[in-house]
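Novice: Provided below: final.cif, containing mmCIF, C-alpha atoms and all ligand atoms.
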```
data_structure
loop_
_atom_site.label_atom_id
_atom_site.label_comp_id
_atom_site.auth_asym_id
_atom_site.auth_seq_id
_atom_site.Cartn_x
_atom_site.Cartn_y
_atom_site.Cartn_z
CA MET A 108 -4.16 2.69 -25.42
CA SER A 109 -5.60 -0.67 -24.52
CA THR A 110 -7.58 -2.45 -27.21
CA SER A 111 -8.40 -5.63 -25.31
CA GLN A 112 -11.35 -4.49 -23.25
CA PRO A 113 -13.63 -7.23 -22.12
CA ALA A 114 -16.95 -7.00 -23.93
CA GLU A 115 -18.84 -5.92 -20.85
CA SER A 116 -16.73 -2.82 -20.23
CA THR A 117 -18.89 0.25 -19.75
CA LEU A 118 -16.02 2.73 -19.99
CA SER A 119 -15.89 5.21 -22.81
CA ASP A 120 -12.75 5.77 -24.83
CA THR A 121 -12.47 9.15 -23.13
CA GLN A 122 -12.57 7.58 -19.68
CA ILE A 123 -9.96 5.03 -20.68
CA ALA A 124 -7.71 7.72 -22.17
CA SER A 125 -8.06 9.75 -19.01
CA ILE A 126 -6.92 6.86 -16.81
CA THR A 127 -3.96 5.92 -18.98
CA GLY A 128 -2.94 9.57 -19.34
CA ASN A 129 -3.08 10.01 -15.58
CA LEU A 130 -1.06 6.83 -15.06
CA ASP A 131 1.66 8.07 -17.39
CA GLU A 132 1.72 11.42 -15.64
CA VAL A 133 1.99 9.91 -12.16
CA ALA A 134 4.75 7.59 -13.31
CA ASP A 135 6.65 10.51 -14.88
CA ARG A 136 6.28 12.64 -11.76
CA ALA A 137 7.39 9.81 -9.47
CA ARG A 138 10.43 9.18 -11.65
CA ALA A 139 11.31 12.88 -11.72
CA ALA A 140 10.95 13.14 -7.93
CA ALA A 141 13.22 10.13 -7.44
CA GLY A 142 15.78 11.70 -9.76
CA ALA A 143 15.56 15.02 -7.95
CA SER A 144 16.52 13.28 -4.71
CA GLY A 145 19.40 11.44 -6.33
CA ARG A 146 17.68 8.10 -6.66
CA SER A 147 16.81 5.95 -9.63
CA GLY A 148 13.21 5.98 -10.81
CA ASP A 149 13.27 2.20 -10.33
CA ASP A 150 13.66 2.73 -6.58
CA VAL A 151 10.10 4.02 -6.33
CA GLN A 152 7.08 1.84 -7.03
CA VAL A 153 3.62 3.21 -7.66
CA LEU A 154 0.81 1.29 -5.97
CA LEU A 155 -2.68 2.15 -7.14
CA ALA A 156 -5.10 2.76 -4.27
CA THR A 157 -8.23 1.29 -5.81
CA LYS A 158 -10.85 1.62 -3.07
CA THR A 159 -14.34 2.26 -4.51
CA GLN A 160 -13.03 1.83 -8.07
CA PRO A 161 -14.70 -0.81 -10.21
CA ALA A 162 -12.64 -3.70 -11.52
CA GLU A 163 -12.98 -2.51 -15.11
CA LYS A 164 -11.06 0.68 -14.29
CA ILE A 165 -8.39 -1.28 -12.44
CA ARG A 166 -8.16 -3.56 -15.45
CA ILE A 167 -7.22 -0.57 -17.63
CA ALA A 168 -4.34 0.23 -15.29
CA LEU A 169 -3.08 -3.35 -15.15
CA GLU A 170 -3.26 -3.66 -18.91
CA HIS A 171 -1.34 -0.40 -19.13
CA GLY A 172 1.56 -2.03 -17.31
CA PHE A 173 0.96 -1.23 -13.64
CA THR A 174 1.13 -4.26 -11.35
CA LEU A 175 0.48 -3.10 -7.77
CA ILE A 176 -2.97 -2.40 -6.36
CA GLY A 177 -4.04 -1.67 -2.80
CA GLU A 178 -7.48 -2.13 -1.28
CA ASN A 179 -8.64 -0.76 2.06
CA LYS A 180 -11.46 -3.17 2.68
CA VAL A 181 -11.22 -6.94 2.65
CA GLN A 182 -14.65 -7.13 1.05
CA GLU A 183 -13.46 -5.08 -1.93
CA LEU A 184 -10.23 -7.03 -2.14
CA VAL A 185 -12.14 -10.29 -2.35
CA GLY A 186 -14.83 -8.93 -4.66
CA LYS A 187 -12.44 -7.69 -7.33
CA ALA A 188 -9.90 -10.51 -7.10
CA GLU A 189 -11.87 -12.86 -9.30
CA GLU A 190 -12.54 -10.23 -11.95
CA LEU A 191 -8.84 -9.43 -12.17
CA ALA A 192 -7.57 -12.98 -11.85
CA ASP A 193 -6.48 -13.17 -15.50
CA LEU A 194 -4.11 -10.22 -15.08
CA ASP A 195 -0.69 -10.49 -13.49
CA HIS A 196 -0.67 -8.26 -10.44
CA GLU A 197 0.02 -8.01 -6.73
CA ALA A 198 -2.79 -7.00 -4.36
CA HIS A 199 -1.96 -5.31 -1.07
CA LEU A 200 -4.26 -4.67 1.84
CA ILE A 201 -3.67 -1.05 2.89
CA GLY A 202 -6.58 -0.61 5.30
CA PRO A 203 -7.21 -1.92 8.80
CA LEU A 204 -7.58 -5.69 9.15
CA GLN A 205 -9.99 -7.26 11.62
CA LYS A 206 -8.92 -10.60 12.98
CA ASN A 207 -12.02 -12.33 11.63
CA LYS A 208 -11.08 -11.31 8.08
CA VAL A 209 -7.58 -12.79 8.10
CA ASN A 210 -8.55 -15.93 6.20
CA HIS A 211 -10.13 -14.03 3.31
CA THR A 212 -7.23 -11.65 3.19
CA LEU A 213 -4.62 -14.38 2.98
CA ARG A 214 -6.49 -15.96 0.11
CA HIS A 215 -6.42 -12.80 -2.02
CA ALA A 216 -3.61 -10.48 -0.88
CA GLN A 217 0.09 -10.88 -1.54
CA CYS A 218 1.02 -8.23 1.02
CA ILE A 219 -0.56 -6.75 4.15
CA GLN A 220 0.64 -3.18 4.76
CA SER A 221 -1.47 -2.57 7.87
CA VAL A 222 0.09 -4.85 10.49
CA ASP A 223 0.13 -2.77 13.66
CA ASN A 224 -0.34 -5.11 16.63
CA LEU A 225 0.97 -8.41 17.86
CA GLU A 226 -2.41 -10.04 18.30
CA LEU A 227 -3.22 -9.54 14.62
CA ALA A 228 0.27 -10.62 13.53
CA THR A 229 0.01 -13.78 15.62
CA LYS A 230 -3.34 -14.60 14.09
CA ILE A 231 -1.90 -14.12 10.60
CA GLY A 232 1.13 -16.22 11.50
CA ASN A 233 -0.97 -19.07 12.88
CA ARG A 234 -3.17 -19.11 9.82
CA LEU A 235 -0.12 -19.17 7.54
CA GLU A 236 1.16 -22.22 9.43
CA VAL A 237 -2.10 -24.04 8.72
CA LEU A 238 -1.99 -23.03 5.05
CA ASP A 239 1.76 -23.70 4.82
CA GLU A 240 2.18 -20.33 3.12
CA THR A 241 4.06 -17.06 3.61
CA ILE A 242 3.11 -13.41 3.07
CA ASP A 243 4.82 -10.05 2.77
CA ILE A 244 3.98 -7.41 5.36
CA PHE A 245 4.67 -3.80 6.26
CA VAL A 246 4.32 -2.53 9.81
CA GLN A 247 2.03 0.50 9.82
CA VAL A 248 3.26 3.32 12.02
CA ASN A 249 1.11 6.25 13.12
CA THR A 250 3.75 8.93 12.62
CA SER A 251 1.18 11.71 12.50
CA ARG A 252 -0.11 10.64 15.94
CA GLU A 253 -3.72 11.27 15.10
CA ASP A 254 -5.96 9.29 17.43
CA SER A 255 -8.23 8.37 14.55
CA LYS A 256 -5.48 6.63 12.62
CA SER A 257 -4.49 3.05 12.83
CA GLY A 258 -0.82 2.19 13.06
CA ILE A 259 1.45 1.59 16.01
CA ALA A 260 2.92 4.55 17.88
CA PRO A 261 6.50 5.19 16.72
CA GLU A 262 7.91 4.55 20.21
CA ASP A 263 6.24 1.12 20.28
CA ALA A 264 7.41 -0.02 16.84
CA GLU A 265 10.69 -1.51 18.05
CA ALA A 266 9.00 -3.81 20.56
CA LEU A 267 6.43 -4.98 18.01
CA ILE A 268 9.00 -5.63 15.30
CA THR A 269 11.18 -7.53 17.75
CA GLU A 270 8.22 -9.80 18.51
CA LEU A 271 7.49 -10.25 14.80
CA ARG A 272 10.86 -11.85 14.24
CA GLY A 273 9.50 -15.03 15.83
CA LEU A 274 6.78 -15.17 13.20
CA THR A 275 8.85 -16.55 10.37
CA ARG A 276 6.07 -16.93 7.83
CA MET A 277 5.79 -13.17 7.46
CA ARG A 278 8.42 -11.36 5.43
CA LEU A 279 8.82 -7.83 6.73
CA ARG A 280 9.40 -5.50 3.78
CA GLY A 281 9.47 -2.25 5.71
CA LEU A 282 7.29 0.46 7.23
CA MET A 283 4.09 2.14 6.09
CA THR A 284 2.46 5.36 7.19
CA ILE A 285 -0.46 7.58 6.28
CA GLY A 286 0.56 11.21 6.42
CA LEU A 287 -1.69 14.14 7.10
CA PRO A 288 -3.98 14.48 4.09
CA GLY A 289 -4.95 18.00 3.19
CA ARG A 290 -2.21 19.80 5.08
CA THR A 291 0.63 21.97 3.90
CA PRO A 292 3.96 20.40 2.92
CA GLU A 293 5.54 21.78 6.10
CA GLU A 294 2.92 20.04 8.19
CA ILE A 295 3.12 16.77 6.28
CA ARG A 296 6.87 16.42 5.96
CA PRO A 297 7.69 15.33 9.54
CA SER A 298 5.34 12.35 9.35
CA TYR A 299 7.41 11.11 6.41
CA SER A 300 10.87 12.01 7.63
CA ASP A 301 10.02 10.37 10.98
CA LEU A 302 9.23 7.10 9.21
CA ARG A 303 12.54 7.21 7.33
CA GLU A 304 14.47 7.95 10.52
CA LEU A 305 12.68 5.15 12.34
CA ARG A 306 13.58 2.70 9.56
CA ASP A 307 17.21 3.79 9.58
CA ARG A 308 17.41 3.47 13.35
CA LEU A 309 15.77 0.04 13.49
CA ILE A 310 17.94 -1.34 10.69
CA GLY A 311 21.04 0.25 12.24
CA ALA A 312 20.25 -1.39 15.59
CA GLY A 313 19.65 -4.77 13.97
CA VAL A 314 15.97 -4.77 14.98
CA MET A 315 14.92 -5.00 11.32
CA PRO A 316 16.89 -6.86 8.65
CA ALA A 317 18.68 -4.62 6.16
CA GLU A 318 16.37 -5.76 3.37
CA ALA A 319 13.28 -4.52 5.27
CA ASN A 320 14.10 -1.07 3.94
CA GLU A 321 10.90 -0.19 2.10
CA LEU A 322 8.91 2.92 3.00
CA SER A 323 5.29 2.98 1.83
CA MET A 324 4.18 6.61 2.11
CA GLY A 325 2.74 9.39 0.00
CA MET A 326 -0.65 9.79 -1.70
CA SER A 327 -1.99 11.81 -4.63
CA ASN A 328 -1.53 15.18 -3.02
CA ASP A 329 1.92 14.69 -1.56
CA PHE A 330 3.71 11.77 -3.20
CA GLU A 331 6.58 13.87 -4.52
CA LEU A 332 7.24 15.15 -1.02
CA ALA A 333 7.15 11.57 0.28
CA ILE A 334 9.65 10.51 -2.39
CA ALA A 335 11.90 13.41 -1.40
CA GLU A 336 11.75 12.00 2.15
CA GLY A 337 12.67 8.51 0.99
CA ALA A 338 9.45 6.75 -0.05
CA THR A 339 10.07 3.55 -2.00
CA MET A 340 6.37 2.99 -2.63
CA VAL A 341 3.71 5.66 -3.11
CA ARG A 342 0.00 4.88 -2.98
CA VAL A 343 -2.06 6.94 -5.41
CA GLY A 344 -5.77 6.76 -6.09
CA SER A 345 -7.66 9.91 -7.00
CA SER A 346 -4.94 11.38 -9.21
CA VAL A 347 -5.33 8.34 -11.46
CA PHE A 348 -9.00 7.41 -11.22
CA GLY A 349 -10.53 10.75 -10.32
CA ALA A 350 -12.58 11.58 -7.24
CA ARG A 351 -14.03 8.58 -5.44
CA ASP A 352 -17.76 7.87 -5.49
CA TYR A 353 -18.75 6.49 -2.10
CA SER A 354 -22.45 6.27 -2.88
C1 LIG B 401 -7.12 6.13 -0.39
C2 LIG B 401 -5.74 5.83 0.11
C3 LIG B 401 -4.62 6.25 -0.59
C4 LIG B 401 -4.68 7.09 -1.85
O1 LIG B 401 -5.31 8.30 -1.64
P1 LIG B 401 -5.45 9.37 -2.85
O2 LIG B 401 -5.50 10.66 -2.17
O3 LIG B 401 -6.70 9.02 -3.55
O4 LIG B 401 -4.27 9.19 -3.71
C5 LIG B 401 -3.37 5.88 -0.10
N1 LIG B 401 -3.24 5.16 1.03
C6 LIG B 401 -4.30 4.74 1.73
C7 LIG B 401 -4.09 3.92 2.95
C8 LIG B 401 -5.59 5.08 1.30
O5 LIG B 401 -6.64 4.68 2.02
#
```
For the file at hand, write its structure as structure tokens.
Ligand SMILES: *Cc1c(COP(=O)(O)O)cnc(C)c1O
Specialist:
Amino acid sequence: MSTSQPAESTLSDTQIASITGNLDEVADRARAAAGASGRSGDDVQVLLATKTQPAEKIRIALEHGFTLIGENKVQELVGKAEELADLDHEAHLIGPLQKNKVNHTLRHAQCIQSVDNLELATKIGNRLEVLDETIDIFVQVNTSREDSKSGIAPEDAEALITELRGLTRMRLRGLMTIGLPGRTPEEIRPSYSDLRELRDRLIGAGVMPAEANELSMGMSNDFELAIAEGATMVRVGSSVFGARDYS
């Protein structure tokens, strides 16, 4: 257990033990799922989805050895960045990005997983030119085809990714999707297998470079299924930090 809490931490020992216990359990389950599908545990990274969670809880996880966090809102990304600045970690944006928030995002995120249109990508690329910087990205694909979801339609992904190749300051790491939360495994599985098949097809056709082979998919309720379908990064929140408080 961590002993280096900052003085202002309001977490009890029980809360801290709960978070670190959950982290160990998620890591064990992810490793076992990778093994069950014939892959090494090192092939699957666990990103902590930290929306609504206070920085002091995230700090526990980073001090426990986790290094990847994902925020949905730029405001939260920015707000927690300073509080976590002393801890080695990588912050990803995993929620929709409005064009007027690109500057803030580039200042505090090391990866944007929600790139799903050329206008946004161009804006990011232009800003990176000015800053003389680069960033990692995933293209978000709406494999579940829910109207409410962001992400590009699977049939439009090839055209978008082809256009992205001109934007050399963005390093495409792979594809991201949000499945169908709250459904049965049978209902969820196609949204993950479709993403894997899309990746394989686009790499096979030379549309994506071979190293853009990452698949960010799977959440608390279904990450083992996502790993079975080829996830290389799962995004878990509530199974580590407990239910979110949106109040
Ligand atoms: C909240 C969120 C997650 C994690 O969800 P849990 O069910 O809490 O694990 C993963 N990905 C995205 C994009 C999210 O918004």
Novice: How big is the axis-aligned box around the listed atoms of ligand LIG 401 (chain B) once 6 Å is added on each side, and where is its centre? Give both in Å to one decimal, as JSON.
Specialist:
```
{"center_x": -5.2, "center_y": 7.3, "center_z": -0.4, "size_x": 15.9, "size_y": 18.7, "size_z": 18.7}
```
Novice: Excluding range 192-204 of chain A and its own-chain neighbours fewer than 4 positions away, which residues fall within 10 Å of it when counting only C-alpha atoms? Please give them as a short mmCIF file (atom, residue, chain, number, x, y, z; two decimals) with C-alpha atoms, keeping the file's coordinate frame.
Specialist:
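Wrote it out as around_4.cif, contents follow:
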```cif
data_model
loop_
_atom_site.label_atom_id
_atom_site.label_comp_id
_atom_site.auth_asym_id
_atom_site.auth_seq_id
_atom_site.Cartn_x
_atom_site.Cartn_y
_atom_site.Cartn_z
CA LEU A 154 0.81 1.29 -5.97
CA LEU A 155 -2.68 2.15 -7.14
CA ALA A 156 -5.10 2.76 -4.27
CA LYS A 158 -10.85 1.62 -3.07
CA ARG A 166 -8.16 -3.56 -15.45
CA LEU A 169 -3.08 -3.35 -15.15
CA GLU A 170 -3.26 -3.66 -18.91
CA GLY A 172 1.56 -2.03 -17.31
CA PHE A 173 0.96 -1.23 -13.64
CA THR A 174 1.13 -4.26 -11.35
CA LEU A 175 0.48 -3.10 -7.77
CA ILE A 176 -2.97 -2.40 -6.36
CA GLY A 177 -4.04 -1.67 -2.80
CA GLU A 178 -7.48 -2.13 -1.28
CA ASN A 179 -8.64 -0.76 2.06
CA LYS A 180 -11.46 -3.17 2.68
CA VAL A 181 -11.22 -6.94 2.65
CA GLU A 183 -13.46 -5.08 -1.93
CA LEU A 184 -10.23 -7.03 -2.14
CA LYS A 187 -12.44 -7.69 -7.33
CA ALA A 188 -9.90 -10.51 -7.10
CA LYS A 208 -11.08 -11.31 8.08
CA VAL A 209 -7.58 -12.79 8.10
CA THR A 212 -7.23 -11.65 3.19
CA LEU A 213 -4.62 -14.38 2.98
CA HIS A 215 -6.42 -12.80 -2.02
CA ALA A 216 -3.61 -10.48 -0.88
CA GLN A 217 0.09 -10.88 -1.54
CA CYS A 218 1.02 -8.23 1.02
CA ILE A 219 -0.56 -6.75 4.15
CA GLN A 220 0.64 -3.18 4.76
CA SER A 221 -1.47 -2.57 7.87
CA VAL A 222 0.09 -4.85 10.49
CA ASP A 223 0.13 -2.77 13.66
CA LEU A 227 -3.22 -9.54 14.62
CA ASP A 243 4.82 -10.05 2.77
CA ILE A 244 3.98 -7.41 5.36
CA PHE A 245 4.67 -3.80 6.26
CA GLN A 247 2.03 0.50 9.82
CA LYS A 256 -5.48 6.63 12.62
CA SER A 257 -4.49 3.05 12.83
CA GLY A 258 -0.82 2.19 13.06
CA MET A 283 4.09 2.14 6.09
CA THR A 284 2.46 5.36 7.19
CA ILE A 285 -0.46 7.58 6.28
CA SER A 323 5.29 2.98 1.83
CA ARG A 342 0.00 4.88 -2.98
#
```
Novice: Within 10 Å of range 299-310 of chain A, counting all atoms listed in the file, which residues show up once you throw out same-chain ones fewer than 4 positions away? Write them as a compact mmCIF listing (two decimals) with C-alpha atoms, in the frame of the given file, please.
Specialist:
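Okay, this is what ended up in selection-v3.txt:
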```txt
# COMPACT_ATOMS: atom_id res chain seq x y z
CA GLN A 247 2.03 0.50 9.82
CA VAL A 248 3.26 3.32 12.02
CA ASN A 249 1.11 6.25 13.12
CA THR A 250 3.75 8.93 12.62
CA SER A 251 1.18 11.71 12.50
CA PRO A 261 6.50 5.19 16.72
CA GLU A 262 7.91 4.55 20.21
CA ALA A 264 7.41 -0.02 16.84
CA GLU A 265 10.69 -1.51 18.05
CA ILE A 268 9.00 -5.63 15.30
CA THR A 269 11.18 -7.53 17.75
CA GLY A 281 9.47 -2.25 5.71
CA LEU A 282 7.29 0.46 7.23
CA MET A 283 4.09 2.14 6.09
CA THR A 284 2.46 5.36 7.19
CA ILE A 285 -0.46 7.58 6.28
CA GLY A 286 0.56 11.21 6.42
CA LEU A 287 -1.69 14.14 7.10
CA ILE A 295 3.12 16.77 6.28
CA VAL A 314 15.97 -4.77 14.98
CA MET A 315 14.92 -5.00 11.32
CA PRO A 316 16.89 -6.86 8.65
CA ALA A 317 18.68 -4.62 6.16
CA GLU A 318 16.37 -5.76 3.37
CA ALA A 319 13.28 -4.52 5.27
CA ASN A 320 14.10 -1.07 3.94
CA GLU A 321 10.90 -0.19 2.10
CA LEU A 322 8.91 2.92 3.00
CA SER A 323 5.29 2.98 1.83
CA MET A 324 4.18 6.61 2.11
CA GLY A 325 2.74 9.39 0.00
CA LEU A 332 7.24 15.15 -1.02
CA ALA A 333 7.15 11.57 0.28
CA ILE A 334 9.65 10.51 -2.39
CA ALA A 335 11.90 13.41 -1.40
CA GLU A 336 11.75 12.00 2.15
CA GLY A 337 12.67 8.51 0.99
CA ALA A 338 9.45 6.75 -0.05
```
Novice: Choose the residue, out of A:Ser116, A:Gln160, A:Asn210, A:Gln205, that has the smallest atom-to-atom separation from ligand LIG 401 (chain B); count all atoms listed in the file.
Specialist: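 Counting all atoms listed in the file, the residue closest to ligand LIG 401 (chain B) is A:Gln160.
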Novice: Nearest to ligand LIG 401 (chain B) among A:Thr159, A:Gly128, A:Asp120, A:Glu240, with distances taken over only C-alpha atoms and all ligand atoms: which residue is it?
Specialist: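 Of all the options, A:Thr159 lies closest to ligand LIG 401 (chain B).
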Novice: So how many Å separate CA of Gly145 in chain A and CA of Val341 in chain A, to one decimal?
Specialist: 17.0 Å
Novice: Kindly indicate which residue among A:Thr229, A:Ser255, A:Thr291, A:Ser327 lies nearest to ligand LIG 401 (chain B), using only C-alpha atoms and all ligand atoms for the distances.
Specialist: A:Ser327
Novice: Rounded to one decimal place, report the CA of Arg272 in chain A-CA of Gly313 in chain A distance in Å.
Specialist: 11.3 Å
Novice: Give me, please, the distance in Å between atom C7 of ligand LIG 401 (chain B) and CA of Thr339 in chain A, quoted to one decimal.
Specialist: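 Separating atom C7 of ligand LIG 401 (chain B) from CA of Thr339 in chain A is a distance of 15.0 Å.
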Novice: Restricting the calculation to all atoms listed in the file, which member of A:Gly311, A:Ala228, A:Leu267, A:Glu253 is positioned closest to Ser298 in chain A?
Specialist: A:Glu253
Novice: Within 8 Å of (-6.0, 6.7, -15.0), only C-alpha atoms: residues as number ranges by chain?
Specialist: A: 123-130, 164, 167-168, 346-349
Novice: Next, dump the selected residues to file, keeping only C-alpha atoms, as a compact mmCIF listing (two decimals), in the frame of the given file.
Specialist:
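The result, stored in again.txt:
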```
# COMPACT_ATOMS: atom_id res chain seq x y z
CA ILE A 123 -9.96 5.03 -20.68
CA ALA A 124 -7.71 7.72 -22.17
CA SER A 125 -8.06 9.75 -19.01
CA ILE A 126 -6.92 6.86 -16.81
CA THR A 127 -3.96 5.92 -18.98
CA GLY A 128 -2.94 9.57 -19.34
CA ASN A 129 -3.08 10.01 -15.58
CA LEU A 130 -1.06 6.83 -15.06
CA LYS A 164 -11.06 0.68 -14.29
CA ILE A 167 -7.22 -0.57 -17.63
CA ALA A 168 -4.34 0.23 -15.29
CA SER A 346 -4.94 11.38 -9.21
CA VAL A 347 -5.33 8.34 -11.46
CA PHE A 348 -9.00 7.41 -11.22
CA GLY A 349 -10.53 10.75 -10.32
```
Novice: Please determine, counting only C-alpha atoms and all ligand atoms, which residue among A:Lys230, A:Thr157, A:Glu331, A:Asp352 has the shortest atom-to-atom distance to ligand LIG 401 (chain B).
Specialist: A:Thr157
Novice: Using all atoms listed in the file, find the one residue out of A:Val246, A:Ile165, A:Ala350, A:Met340 that sits nearest to ligand LIG 401 (chain B).
Specialist: A:Ala350
